[in-house]
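The data block below is protein_6.pdb; it holds PDB, C-alpha atoms.
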ATOM      1  CA  MET A   1      36.189 -20.472 -13.501
ATOM      2  CA  ALA A   2      36.716 -17.688 -16.048
ATOM      3  CA  VAL A   3      35.167 -14.699 -14.261
ATOM      4  CA  ASP A   4      37.033 -12.168 -16.379
ATOM      5  CA  GLN A   5      35.532 -13.325 -19.683
ATOM      6  CA  TRP A   6      32.135 -11.901 -18.613
ATOM      7  CA  LEU A   7      33.707  -8.556 -17.781
ATOM      8  CA  GLN A   8      34.945  -7.731 -21.259
ATOM      9  CA  ALA A   9      33.180  -5.664 -23.931
ATOM     10  CA  PRO A  10      30.380  -5.867 -24.884
ATOM     11  CA  PHE A  11      29.230  -7.320 -21.537
ATOM     12  CA  THR A  12      30.545  -4.259 -19.712
ATOM     13  CA  ARG A  13      32.426  -1.187 -20.848
ATOM     14  CA  ASP A  14      33.159  -0.015 -17.317
ATOM     15  CA  PRO A  15      36.665  -0.377 -15.834
ATOM     16  CA  VAL A  16      35.222   0.002 -12.327
ATOM     17  CA  ARG A  17      33.006  -3.049 -12.775
ATOM     18  CA  ARG A  18      35.949  -4.959 -14.222
ATOM     19  CA  ARG A  19      37.987  -4.218 -11.097
ATOM     20  CA  THR A  20      35.189  -4.855  -8.622
ATOM     21  CA  TYR A  21      33.073  -7.782  -9.783
ATOM     22  CA  PRO A  22      35.819 -10.477  -9.673
ATOM     23  CA  ASP A  23      35.598 -10.101  -5.878
ATOM     24  CA  ASP A  24      31.782 -10.018  -5.756
ATOM     25  CA  VAL A  25      30.334 -13.293  -4.417
ATOM     26  CA  TYR A  26      27.142 -13.101  -6.472
ATOM     27  CA  PHE A  27      29.043 -12.481  -9.682
ATOM     28  CA  ARG A  28      31.434 -15.347  -8.938
ATOM     29  CA  GLU A  29      28.574 -17.733  -8.203
ATOM     30  CA  MET A  30      26.797 -16.830 -11.432
ATOM     31  CA  ALA A  31      30.056 -17.146 -13.385
ATOM     32  CA  ALA A  32      30.338 -20.673 -12.004
ATOM     33  CA  LEU A  33      26.802 -21.398 -13.223
ATOM     34  CA  LEU A  34      27.683 -20.069 -16.682
ATOM     35  CA  ASP A  35      30.785 -22.266 -16.755
ATOM     36  CA  GLY A  36      28.495 -25.289 -16.740
ATOM     37  CA  ARG A  37      26.557 -24.118 -19.797
ATOM     38  CA  ASP A  38      27.413 -23.812 -23.465
ATOM     39  CA  ALA A  39      29.717 -20.816 -24.030
ATOM     40  CA  ARG A  40      28.066 -19.763 -27.308
ATOM     41  CA  ASP A  41      24.616 -19.951 -25.723
ATOM     42  CA  ASN A  42      25.864 -17.779 -22.856
ATOM     43  CA  GLU A  43      27.220 -15.142 -25.215
ATOM     44  CA  ARG A  44      24.007 -15.106 -27.227
ATOM     45  CA  THR A  45      21.904 -14.786 -24.058
ATOM     46  CA  LEU A  46      24.026 -11.969 -22.663
ATOM     47  CA  GLY A  47      23.746 -10.125 -25.958
ATOM     48  CA  ARG A  48      20.050 -10.416 -26.653
ATOM     49  CA  SER A  49      18.380 -10.920 -23.242
ATOM     50  CA  THR A  50      17.906  -8.950 -20.046
ATOM     51  CA  PHE A  51      15.291  -8.577 -17.345
ATOM     52  CA  VAL A  52      13.071  -5.992 -15.744
ATOM     53  CA  MET A  53      11.970  -6.261 -12.123
ATOM     54  CA  PHE A  54       8.624  -4.684 -11.281
ATOM     55  CA  LYS A  55       8.482  -3.415  -7.713
ATOM     56  CA  PRO A  56       5.495  -3.465  -5.314
ATOM     57  CA  ASP A  57       4.492   0.073  -6.329
ATOM     58  CA  ALA A  58       4.113  -1.164  -9.913
ATOM     59  CA  VAL A  59       1.723  -3.811  -8.591
ATOM     60  CA  VAL A  60      -0.561  -1.547  -6.522
ATOM     61  CA  GLY A  61      -0.173   1.253  -9.078
ATOM     62  CA  ARG A  62      -1.152  -1.078 -11.948
ATOM     63  CA  ARG A  63       1.870  -0.227 -14.077
ATOM     64  CA  ILE A  64       3.035  -3.710 -15.114
ATOM     65  CA  GLU A  65       0.859  -4.233 -18.188
ATOM     66  CA  PRO A  66       1.342  -0.672 -19.497
ATOM     67  CA  ALA A  67       5.096  -1.196 -19.052
ATOM     68  CA  LEU A  68       5.003  -4.477 -20.994
ATOM     69  CA  ASP A  69       3.258  -2.663 -23.854
ATOM     70  CA  LEU A  70       5.852   0.114 -23.824
ATOM     71  CA  LEU A  71       8.689  -2.417 -23.723
ATOM     72  CA  ALA A  72       7.197  -4.254 -26.709
ATOM     73  CA  GLY A  73       7.221  -0.972 -28.589
ATOM     74  CA  HIS A  74      10.955  -0.779 -27.962
ATOM     75  CA  GLY A  75      11.468  -4.336 -29.241
ATOM     76  CA  PHE A  76      11.563  -6.159 -25.885
ATOM     77  CA  GLU A  77       9.336  -9.242 -25.695
ATOM     78  CA  PRO A  78       8.730 -11.214 -22.455
ATOM     79  CA  LEU A  79      10.187 -14.686 -22.027
ATOM     80  CA  GLY A  80       8.807 -15.575 -18.611
ATOM     81  CA  ALA A  81       8.213 -14.287 -15.109
ATOM     82  CA  LEU A  82       9.159 -15.228 -11.556
ATOM     83  CA  GLU A  83       7.964 -13.724  -8.304
ATOM     84  CA  VAL A  84      10.859 -12.628  -6.083
ATOM     85  CA  ARG A  85      10.928 -11.267  -2.553
ATOM     86  CA  VAL A  86      13.157  -8.237  -2.070
ATOM     87  CA  ASP A  87      13.472  -7.383   1.609
ATOM     88  CA  ALA A  88      15.760  -4.806   3.222
ATOM     89  CA  ARG A  89      18.790  -7.114   3.104
ATOM     90  CA  VAL A  90      18.315  -8.054  -0.553
ATOM     91  CA  CYS A  91      17.800  -4.364  -1.336
ATOM     92  CA  ARG A  92      21.173  -3.537   0.203
ATOM     93  CA  GLU A  93      22.850  -6.317  -1.750
ATOM     94  CA  LEU A  94      21.206  -5.425  -5.053
ATOM     95  CA  TRP A  95      22.266  -1.780  -4.804
ATOM     96  CA  ARG A  96      25.389  -2.463  -2.718
ATOM     97  CA  TYR A  97      27.554  -0.194  -4.871
ATOM     98  CA  GLN A  98      25.066   2.685  -5.083
ATOM     99  CA  ILE A  99      23.159   2.687  -1.793
ATOM    100  CA  ASN A 100      26.248   3.862   0.099
ATOM    101  CA  ALA A 101      25.513   7.388  -1.171
ATOM    102  CA  ALA A 102      21.803   7.442  -0.318
ATOM    103  CA  PRO A 103      20.421   9.352   2.690
ATOM    104  CA  LEU A 104      19.208   7.019   5.433
ATOM    105  CA  ALA A 105      15.714   8.497   5.172
ATOM    106  CA  VAL A 106      15.544   7.449   1.498
ATOM    107  CA  ILE A 107      16.783   3.943   2.309
ATOM    108  CA  ARG A 108      14.135   3.591   4.996
ATOM    109  CA  ALA A 109      11.391   4.732   2.611
ATOM    110  CA  VAL A 110      12.557   2.184   0.031
ATOM    111  CA  ASP A 111      12.460  -0.519   2.738
ATOM    112  CA  MET A 112       8.807   0.354   3.363
ATOM    113  CA  ILE A 113       7.981  -0.066  -0.329
ATOM    114  CA  LEU A 114       9.824  -3.335  -0.836
ATOM    115  CA  GLU A 115       8.445  -4.904   2.356
ATOM    116  CA  SER A 116       4.866  -3.666   1.809
ATOM    117  CA  GLY A 117       3.441  -7.069   0.910
ATOM    118  CA  PRO A 118       3.392  -7.610  -2.866
ATOM    119  CA  PRO A 119       6.418  -9.490  -4.204
ATOM    120  CA  CYS A 120       8.441  -8.120  -7.076
ATOM    121  CA  LEU A 121       7.983  -9.628 -10.537
ATOM    122  CA  PHE A 122      11.163 -10.632 -12.377
ATOM    123  CA  VAL A 123      10.399 -10.630 -16.120
ATOM    124  CA  ALA A 124      12.949 -12.025 -18.563
ATOM    125  CA  LEU A 125      13.068 -10.089 -21.847
ATOM    126  CA  HIS A 126      14.303 -10.753 -25.372
ATOM    127  CA  ASP A 127      15.544  -7.846 -27.499
ATOM    128  CA  THR A 128      14.071  -8.532 -30.929
ATOM    129  CA  ARG A 129      16.310  -5.883 -32.498
ATOM    130  CA  GLY A 130      19.451  -7.626 -31.298
ATOM    131  CA  PRO A 131      22.999  -6.381 -30.754
ATOM    132  CA  GLN A 132      23.850  -6.846 -34.426
ATOM    133  CA  ARG A 133      21.364  -4.099 -35.278
ATOM    134  CA  THR A 134      21.698  -1.832 -32.236
ATOM    135  CA  GLY A 135      25.395  -2.240 -31.437
ATOM    136  CA  ARG A 136      24.530  -2.801 -27.761
ATOM    137  CA  THR A 137      23.546  -5.651 -25.523
ATOM    138  CA  ALA A 138      19.896  -5.905 -24.513
ATOM    139  CA  ALA A 139      20.760  -4.928 -20.926
ATOM    140  CA  GLU A 140      22.680  -1.862 -22.049
ATOM    141  CA  ARG A 141      19.874  -0.725 -24.340
ATOM    142  CA  LEU A 142      17.149  -1.204 -21.727
ATOM    143  CA  GLY A 143      19.328   0.558 -19.167
ATOM    144  CA  GLU A 144      19.267   3.599 -21.428
ATOM    145  CA  ILE A 145      15.507   3.420 -22.012
ATOM    146  CA  LYS A 146      14.329   3.010 -18.422
ATOM    147  CA  GLY A 147      14.989   6.617 -17.410
ATOM    148  CA  SER A 148      15.867   8.226 -14.105
ATOM    149  CA  SER A 149      13.804   8.359 -10.938
ATOM    150  CA  LYS A 150      15.885  11.247  -9.606
ATOM    151  CA  ASN A 151      16.270  13.481 -12.677
ATOM    152  CA  ARG A 152      12.740  12.805 -13.795
ATOM    153  CA  ASP A 153      11.522  12.960 -17.365
ATOM    154  CA  THR A 154       8.371  15.072 -17.361
ATOM    155  CA  GLY A 155       7.793  14.599 -21.084
ATOM    156  CA  GLY A 156       7.172  10.874 -20.865
ATOM    157  CA  THR A 157      10.039   9.990 -23.205
ATOM    158  CA  SER A 158      11.621   7.357 -20.947
ATOM    159  CA  LEU A 159       9.972   4.188 -19.675
ATOM    160  CA  ARG A 160       9.606   5.575 -16.150
ATOM    161  CA  GLY A 161       8.461   8.918 -17.511
ATOM    162  CA  ALA A 162       5.774   7.295 -19.647
ATOM    163  CA  LEU A 163       4.603   5.313 -16.612
ATOM    164  CA  GLY A 164       4.092   8.508 -14.633
ATOM    165  CA  CYS A 165       6.991   8.419 -12.162
ATOM    166  CA  GLU A 166       6.350  11.428  -9.886
ATOM    167  CA  LEU A 167       8.395  10.518  -6.808
ATOM    168  CA  MET A 168      11.987   9.306  -6.669
ATOM    169  CA  CYS A 169      11.242   6.254  -4.500
ATOM    170  CA  LEU A 170       8.111   5.211  -6.391
ATOM    171  CA  ASN A 171       9.807   4.408  -9.684
ATOM    172  CA  PHE A 172       8.025   1.115 -10.506
ATOM    173  CA  LEU A 173      10.858  -0.947 -11.914
ATOM    174  CA  HIS A 174      14.502  -1.876 -11.969
ATOM    175  CA  ALA A 175      16.652  -3.120 -14.834
ATOM    176  CA  PRO A 176      20.392  -3.864 -14.946
ATOM    177  CA  ASP A 177      22.608  -1.324 -16.670
ATOM    178  CA  ASP A 178      24.713  -3.798 -18.641
ATOM    179  CA  ALA A 179      25.158  -7.539 -19.135
ATOM    180  CA  ALA A 180      27.685  -7.817 -16.289
ATOM    181  CA  ASP A 181      25.081  -6.276 -13.982
ATOM    182  CA  MET A 182      22.527  -8.759 -15.298
ATOM    183  CA  ILE A 183      24.805 -11.628 -14.279
ATOM    184  CA  ARG A 184      25.407 -10.268 -10.788
ATOM    185  CA  GLU A 185      21.835  -9.138 -10.099
ATOM    186  CA  THR A 186      20.324 -12.475 -11.145
ATOM    187  CA  GLY A 187      22.488 -13.978  -8.418
ATOM    188  CA  VAL A 188      21.364 -11.379  -5.880
ATOM    189  CA  LEU A 189      17.643 -11.675  -6.589
ATOM    190  CA  LEU A 190      17.349 -15.456  -6.778
ATOM    191  CA  PRO A 191      18.495 -18.230  -4.437
ATOM    192  CA  VAL A 192      20.910 -20.803  -5.804
ATOM    193  CA  ARG A 193      18.176 -23.370  -6.510
ATOM    194  CA  ARG A 194      16.277 -20.927  -8.782
ATOM    195  CA  ARG A 195      19.130 -19.320 -10.686
ATOM    196  CA  GLY A 196      19.265 -22.049 -13.312
ATOM    197  CA  GLU A 197      15.515 -21.662 -13.882
ATOM    198  CA  ALA A 198      15.909 -17.925 -14.370
ATOM    199  CA  TRP A 199      18.838 -18.352 -16.748
ATOM    200  CA  ALA A 200      16.979 -20.947 -18.810
ATOM    201  CA  MET A 201      14.162 -18.413 -19.090
ATOM    202  CA  LEU A 202      16.610 -15.775 -20.342
ATOM    203  CA  GLU A 203      17.899 -18.268 -22.942
ATOM    204  CA  GLY A 204      14.415 -18.762 -24.411
ATOM    205  CA  GLU A 205      12.781 -17.450 -27.563
ATOM    206  CA  PRO A 206       9.763 -15.112 -27.505
ATOM    207  CA  SER A 207       6.351 -16.438 -28.443
ATOM    208  CA  PRO A 208       2.700 -15.407 -28.057
ATOM    209  CA  GLY A 209       2.307 -18.107 -25.427
ATOM    210  CA  ARG A 210       5.158 -16.757 -23.324
ATOM    211  CA  THR A 211       3.707 -13.251 -23.537
ATOM    212  CA  LEU A 212       0.317 -14.501 -22.377
ATOM    213  CA  ASP A 213       1.939 -16.354 -19.484
ATOM    214  CA  VAL A 214       3.704 -13.201 -18.291
ATOM    215  CA  VAL A 215       0.536 -11.105 -18.604
ATOM    216  CA  ALA A 216      -1.333 -13.780 -16.633
ATOM    217  CA  ALA A 217       1.339 -13.700 -13.907
ATOM    218  CA  ALA A 218       1.025  -9.908 -13.701
ATOM    219  CA  ARG A 219      -2.760 -10.108 -13.459
ATOM    220  CA  ARG A 220      -2.624 -12.743 -10.711
ATOM    221  CA  LEU A 221      -0.296 -10.526  -8.732
ATOM    222  CA  CYS A 222      -2.521  -7.486  -9.166
ATOM    223  CA  ALA A 223      -5.648  -9.469  -8.283
ATOM    224  CA  ALA A 224      -4.031 -10.454  -4.973
ATOM    225  CA  HIS A 225      -3.145  -6.871  -4.006
ATOM    226  CA  PRO A 226      -5.629  -3.962  -4.115
ATOM    227  CA  ALA A 227      -4.831  -0.938  -6.254
ATOM    228  CA  HIS A 228      -3.778   2.283  -4.548
ATOM    229  CA  PRO A 229      -3.119   5.803  -5.918
ATOM    230  CA  LEU A 230       0.531   6.817  -5.790
ATOM    231  CA  THR A 231       0.128  10.584  -6.007
ATOM    232  CA  PRO A 232       1.421  12.753  -3.129
ATOM    233  CA  PRO A 233      -1.280  13.421  -0.516
ATOM    234  CA  PRO A 234      -2.748  16.962  -0.444
ATOM    235  CA  GLY A 235      -1.021  19.283   1.994
ATOM    236  CA  SER A 236       2.073  17.101   2.366
ATOM    237  CA  THR A 237       5.014  18.855   3.989
ATOM    238  CA  SER A 238       7.820  19.830   1.638
ATOM    239  CA  PRO A 239      11.094  17.912   2.182
ATOM    240  CA  ALA A 240      12.861  21.291   2.304
ATOM    241  CA  ALA A 241      11.137  21.975   5.634
ATOM    242  CA  ALA A 242      13.247  19.375   7.472
ATOM    243  CA  ASP A 243      16.847  18.181   7.533
ATOM    244  CA  SER A 244      17.904  14.609   6.791
ATOM    245  CA  ALA A 245      17.909  13.492  10.425
ATOM    246  CA  GLU A 246      14.421  14.875  11.045
ATOM    247  CA  LEU A 247      13.140  13.258   7.873
ATOM    248  CA  LEU A 248      14.588   9.914   8.960
ATOM    249  CA  ALA A 249      12.709  10.188  12.243
ATOM    250  CA  ARG A 250       9.490  11.051  10.434
ATOM    251  CA  VAL A 251       9.858   8.146   8.000
ATOM    252  CA  ASP A 252      10.542   5.816  10.948
ATOM    253  CA  GLU A 253       7.302   6.993  12.540
ATOM    254  CA  LEU A 254       5.411   6.284   9.341
ATOM    255  CA  ALA A 255       6.996   2.834   9.158
ATOM    256  CA  GLU A 256       5.819   2.077  12.696
ATOM    257  CA  ASP A 257       2.239   3.234  11.985
ATOM    258  CA  HIS A 258       1.918   5.566  14.956
ATOM    259  CA  GLY A 259      -0.771   7.606  13.198
ATOM    260  CA  GLY A 260      -3.083   4.753  12.175
ATOM    261  CA  LEU A 261      -2.925   5.547   8.450
ATOM    262  CA  PRO A 262      -3.316   2.726   5.887
ATOM    263  CA  LEU A 263       0.011   1.250   4.814
ATOM    264  CA  TRP A 264       0.151   2.627   1.271
ATOM    265  CA  ASP A 265      -0.926   6.083   2.438
ATOM    266  CA  ARG A 266       2.073   5.994   4.771
ATOM    267  CA  ILE A 267       4.359   4.751   2.014
ATOM    268  CA  VAL A 268       3.329   7.503  -0.408
ATOM    269  CA  LEU A 269       3.732  10.100   2.322
ATOM    270  CA  ALA A 270       7.218   8.788   3.176
ATOM    271  CA  ALA A 271       8.195   8.842  -0.505
ATOM    272  CA  HIS A 272       6.987  12.423  -0.749
ATOM    273  CA  LEU A 273       8.889  13.485   2.377
ATOM    274  CA  VAL A 274      12.241  12.240   1.074
ATOM    275  CA  ASP A 275      11.760  13.270  -2.552
ATOM    276  CA  GLY A 276      14.543  15.530  -3.746
ATOM    277  CA  LEU A 277      16.961  14.726  -0.916
ATOM    278  CA  PRO A 278      20.493  15.001  -2.333
ATOM    279  CA  SER A 279      22.995  12.171  -2.184
ATOM    280  CA  GLU A 280      25.280  12.126   0.832
ATOM    281  CA  GLY A 281      28.312  10.764  -0.947
ATOM    282  CA  THR A 282      29.542   9.238  -4.183
ATOM    283  CA  ALA A 283      28.284   5.875  -5.382
ATOM    284  CA  LEU A 284      30.952   3.186  -5.447
ATOM    285  CA  ILE A 285      29.817   2.198  -8.946
ATOM    286  CA  GLY A 286      27.757   4.453 -11.204
ATOM    287  CA  PRO A 287      26.173   3.988 -14.637
ATOM    288  CA  PRO A 288      28.516   2.506 -17.244
ATOM    289  CA  PRO A 289      30.307   5.126 -19.331
ATOM    290  CA  GLY A 290      28.856   5.918 -22.719
ATOM    291  CA  THR A 291      25.242   5.027 -21.953
ATOM    292  CA  ARG A 292      23.668   8.009 -20.207
ATOM    293  CA  PRO A 293      23.511  11.354 -22.076
ATOM    294  CA  ASN A 294      22.548  13.180 -18.860
ATOM    295  CA  HIS A 295      25.400  11.679 -16.877
ATOM    296  CA  PRO A 296      28.934  13.153 -16.744
ATOM    297  CA  ARG A 297      30.484   9.828 -17.777
ATOM    298  CA  THR A 298      28.535   9.730 -21.012
ATOM    299  CA  SER A 299      30.193   9.912 -24.387
ATOM    300  CA  ARG A 300      27.390   9.093 -26.802
ATOM    301  CA  SER A 301      23.655   9.539 -27.238
ATOM    302  CA  THR A 302      20.993   6.914 -27.796
ATOM    303  CA  ASP A 303      18.718   6.243 -30.705
ATOM    304  CA  ALA A 304      15.120   7.383 -30.493
ATOM    305  CA  ALA A 305      12.600   4.597 -30.910
ATOM    306  CA  PRO A 306       8.909   5.505 -30.939
ATOM    307  CA  VAL A 307       6.705   3.325 -28.786
ATOM    308  CA  PRO A 308       3.302   2.591 -30.322
ATOM    309  CA  GLN A 309       0.154   2.674 -28.272
ATOM    310  CA  GLY A 310      -0.281  -0.525 -26.222
ATOM    311  CA  THR A 311      -2.635  -3.200 -27.431
ATOM    312  CA  ARG A 312      -3.076  -5.415 -24.371
ATOM    313  CA  THR A 313      -6.227  -4.964 -22.329
ATOM    314  CA  SER A 314      -6.194  -5.279 -18.559
ATOM    315  CA  THR A 315      -8.844  -6.568 -16.184
ATOM    316  CA  THR A 316      -7.350  -4.532 -13.343
ATOM    317  CA  THR A 317      -7.701  -0.893 -12.355
ATOM    318  CA  GLU A 318      -7.066   1.433 -15.284
ATOM    319  CA  PRO A 319      -3.783   3.400 -15.156
ATOM    320  CA  PRO A 320      -3.713   7.134 -15.854
ATOM    321  CA  ALA A 321      -4.623   7.981 -19.438
ATOM    322  CA  HIS A 322      -1.156   9.279 -20.341
ATOM    323  CA  LEU A 323       0.349   5.831 -19.824
ATOM    324  CA  THR A 324      -0.819   4.752 -23.260
ATOM    325  CA  ALA A 325       0.768   7.723 -24.999
ATOM    326  CA  PRO A 326       3.731   7.065 -27.294
ATOM    327  CA  ALA A 327       7.173   7.267 -25.741
ATOM    328  CA  THR A 328      10.683   7.480 -27.174
ATOM    329  CA  ALA A 329      13.915   6.122 -25.811
ATOM    330  CA  VAL A 330      16.173   8.346 -23.771
ATOM    331  CA  ALA A 331      18.941   7.680 -21.310
ATOM    332  CA  ALA A 332      19.187   9.032 -17.807
ATOM    333  CA  ASP A 333      20.652   8.265 -14.422
ATOM    334  CA  GLN A 334      19.249   5.260 -12.627
TER     335      GLN A 334
END

Exercise: express the given structure as C-alpha cells:
Amino acid sequence: MAVDQWLQAPFTRDPVRRRTYPDDVYFREMAALLDGRDARDNERTLGRSTFVMFKPDAVVGRRIEPALDLLAGHGFEPLGALEVRVDARVCRELWRYQINAAPLAVIRAVDMILESGPPCLFVALHDTRGPQRTGRTAAERLGEIKGSSKNRDTGGTSLRGALGCELMCLNFLHAPDDAADMIRETGVLLPVRRRGEAWAMLEGEPSPGRTLDVVAAARRLCAAHPAHPLTPPPGSTSPAAADSAELLARVDELAEDHGGLPLWDRIVLAAHLVDGLPSEGTALIGPPPGTRPNHPRTSRSTDAAPVPQGTRTSTTTEPPAHLTAPATAVAADQ
C-alpha cells in the first residue's frame, strides 16, 4: 500500500501532513481503497474533484442552494450528494488535528449544531477549470475560496461571507484544504461500505442531470426540517462578559434545555455566547502553506474569480437578499 504517493505535490504541499497522515487510520484505509482502483483515474480525481459538506445550519438557514449557485460561478459543478451523520465523535475525528486548540465551550456549541437533527449533505464537486488552468487541485482551490468563520469576511468576497456567516460556529459548510485532506476526510465521514460509492461519485463527470439530482436532494432535506433564522437574539450577552469556564457552563445549560427555549433558539444563543473566544493552544495541523493570504504560513495570493448571480430557483424559504450578490474568491483561515 503506497500511502506516501498521495502525500506528494500537488496532493499536499504541507510537510506536517506528510509526516502525520501515514499514521492516520482513515488516511491509510482510504489509501488501501485507492490501491484497488486505476492509478491514472485516482490522480485525475484528486486533481479535478473535491467535496463540500453542508452542515445542519445550512439546512435550517436555507443556504445550500445559494451556495451551489456561488460554487457554480467559481467553476465547481455538483456530481452527486450523500447524507451523512456527523455526531460529536465524528466531529472530533474530522477536526482531530485542529480541535485540540478550541475552547471547550466552542466544541460544545458545535456539538449542539451537528446533533440538532438535520444530517449533513456531502456534495461531490468537479472543478471545470481544472488544475491545468489553475495550477492547483480542486480541493486546494475550494479551500481558498470558502473563507474563514473566525476572521470573517464582511464584504461577501468569500463563499462563507457571501452566504452571510455572522457567527463563528454557524459557518454553514466544510471543505477539505487539499487533496490529501479530501482522502482522509472521506474516510472519516463515511463508513467503509459507503466509501467506494462516494469515490465513484467524485470520479464522475458533471451533467445537468447530476445537478438536478443534487438540488433535489437539498430540497428534500430542507423540506424535512423547518427553516430558522440564524441571527443573534436581541439582548444577547456579550462573550466578553464571561470567562471560558463560565461560558462552558452556560452552553451546557442551553444544551440541556433548562430554560424551555426551542432547540434552534438555544443553538443560536450558544453560538453567540462563544463567538470571538480565542484559541487555547496551537492546532496540530493548520492550513497548508501557500494557500491562505491571511495566514502566517502563506506565500502566495489567489486569483479573483467573479461569481455571477445564481440562476436556480428554490421552493424553500428565501435566504437574505445579499446571498445572490456577486462574490469573488479570497483565501482565509478555516

Provide the CA of Leu7 in chain A to CA of Ser148 in chain A distance in Å, to one decimal place. 24.8 Å

Which residues come within 12 Å of Glu256 in chain A, counting only C-alpha atoms, excluding same-chain residues fewer than 2 positions away, as a ChimeraX atom specification? /A:108-109,112,249-254,258-263,266-267,270

So what does the PyMOL selection byres ((chain A and resi 190) around 10) actually pick up in this one, as a tab-separated table (two decimals) with C-alpha atoms, in the frame of the given file?
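Writing the result to part.tsv gives the following:
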chain	number	residue	atom	x	y	z
A	82	LEU	CA	9.16	-15.23	-11.56
A	83	GLU	CA	7.96	-13.72	-8.30
A	84	VAL	CA	10.86	-12.63	-6.08
A	85	ARG	CA	10.93	-11.27	-2.55
A	86	VAL	CA	13.16	-8.24	-2.07
A	90	VAL	CA	18.32	-8.05	-0.55
A	122	PHE	CA	11.16	-10.63	-12.38
A	185	GLU	CA	21.84	-9.14	-10.10
A	186	THR	CA	20.32	-12.48	-11.14
A	187	GLY	CA	22.49	-13.98	-8.42
A	188	VAL	CA	21.36	-11.38	-5.88
A	189	LEU	CA	17.64	-11.68	-6.59
A	191	PRO	CA	18.50	-18.23	-4.44
A	192	VAL	CA	20.91	-20.80	-5.80
A	193	ARG	CA	18.18	-23.37	-6.51
A	194	ARG	CA	16.28	-20.93	-8.78
A	195	ARG	CA	19.13	-19.32	-10.69
A	196	GLY	CA	19.26	-22.05	-13.31
A	197	GLU	CA	15.52	-21.66	-13.88
A	198	ALA	CA	15.91	-17.92	-14.37

Between CA of Val215 in chain A and CA of Val123 in chain A, measure the distance and give it in Å to one decimal.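 Spanning CA of Val215 in chain A to CA of Val123 in chain A is a straight-line distance of 10.2 Å.
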
Selection dump of the PyMOL selection byres ((chain A and resi 17) around 9), as number ranges by chain: A: 7, 12-16, 18-22, 180-181, 285, 288

Pick from A:Leu277, A:Cys165, A:Ala179, A:Val3 nearest to Arg136 in chain A, counting all atoms listed in the file: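 Among the listed residues, A:Ala179 lies closest to Arg136 in chain A.
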
What is the distance between CA of Thr50 in chain A and CA of Trp199 in chain A, in Å to one decimal? 10.0 Å

For the provided coordinates, the residues matched by the PyMOL selection byres ((chain A and resi 211) around 12) should be stated as a PyMOL selection string. chain A and resi 65+68-69+71-72+76-81+123-126+205-210+212-218+312

Which is closest to Ser149 in chain A among A:Pro226, A:Gly276, A:Pro131, A:Gly204, if we use only C-alpha atoms?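 Closest residue, counting only C-alpha atoms: A:Gly276.
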
Counting only C-alpha atoms, what is within 9 Å of Ala58 in chain A, bar same-chain residues fewer than 2 positions away, as a ChimeraX atom specification? /A:54-56,60-64,120,170-173

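Using only C-alpha atoms for every distance, the candidate list A:Leu159, A:Val106, A:Leu114, A:Ala31 yields A:Ala31 as the residue closest to Asp4 in chain A.
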
Counting all atoms listed in the file, the residue of A:Leu94, A:Leu167, A:Ala67, A:Ala175 that sits nearest Asp24 in chain A: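 Checking each candidate against Asp24 in chain A, we get A:Leu94 as the closest.
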
Could you tell me which of A:Ala105, A:Ala138, A:Val52, A:Ala32 comes closest to Gly75 in chain A if we count only C-alpha atoms? A:Ala138

Find, counting only C-alpha atoms, the residue in A:Asp57, A:Ala242, A:Ala223, A:His174 that gets nearest to Val268 in chain A. A:Asp57
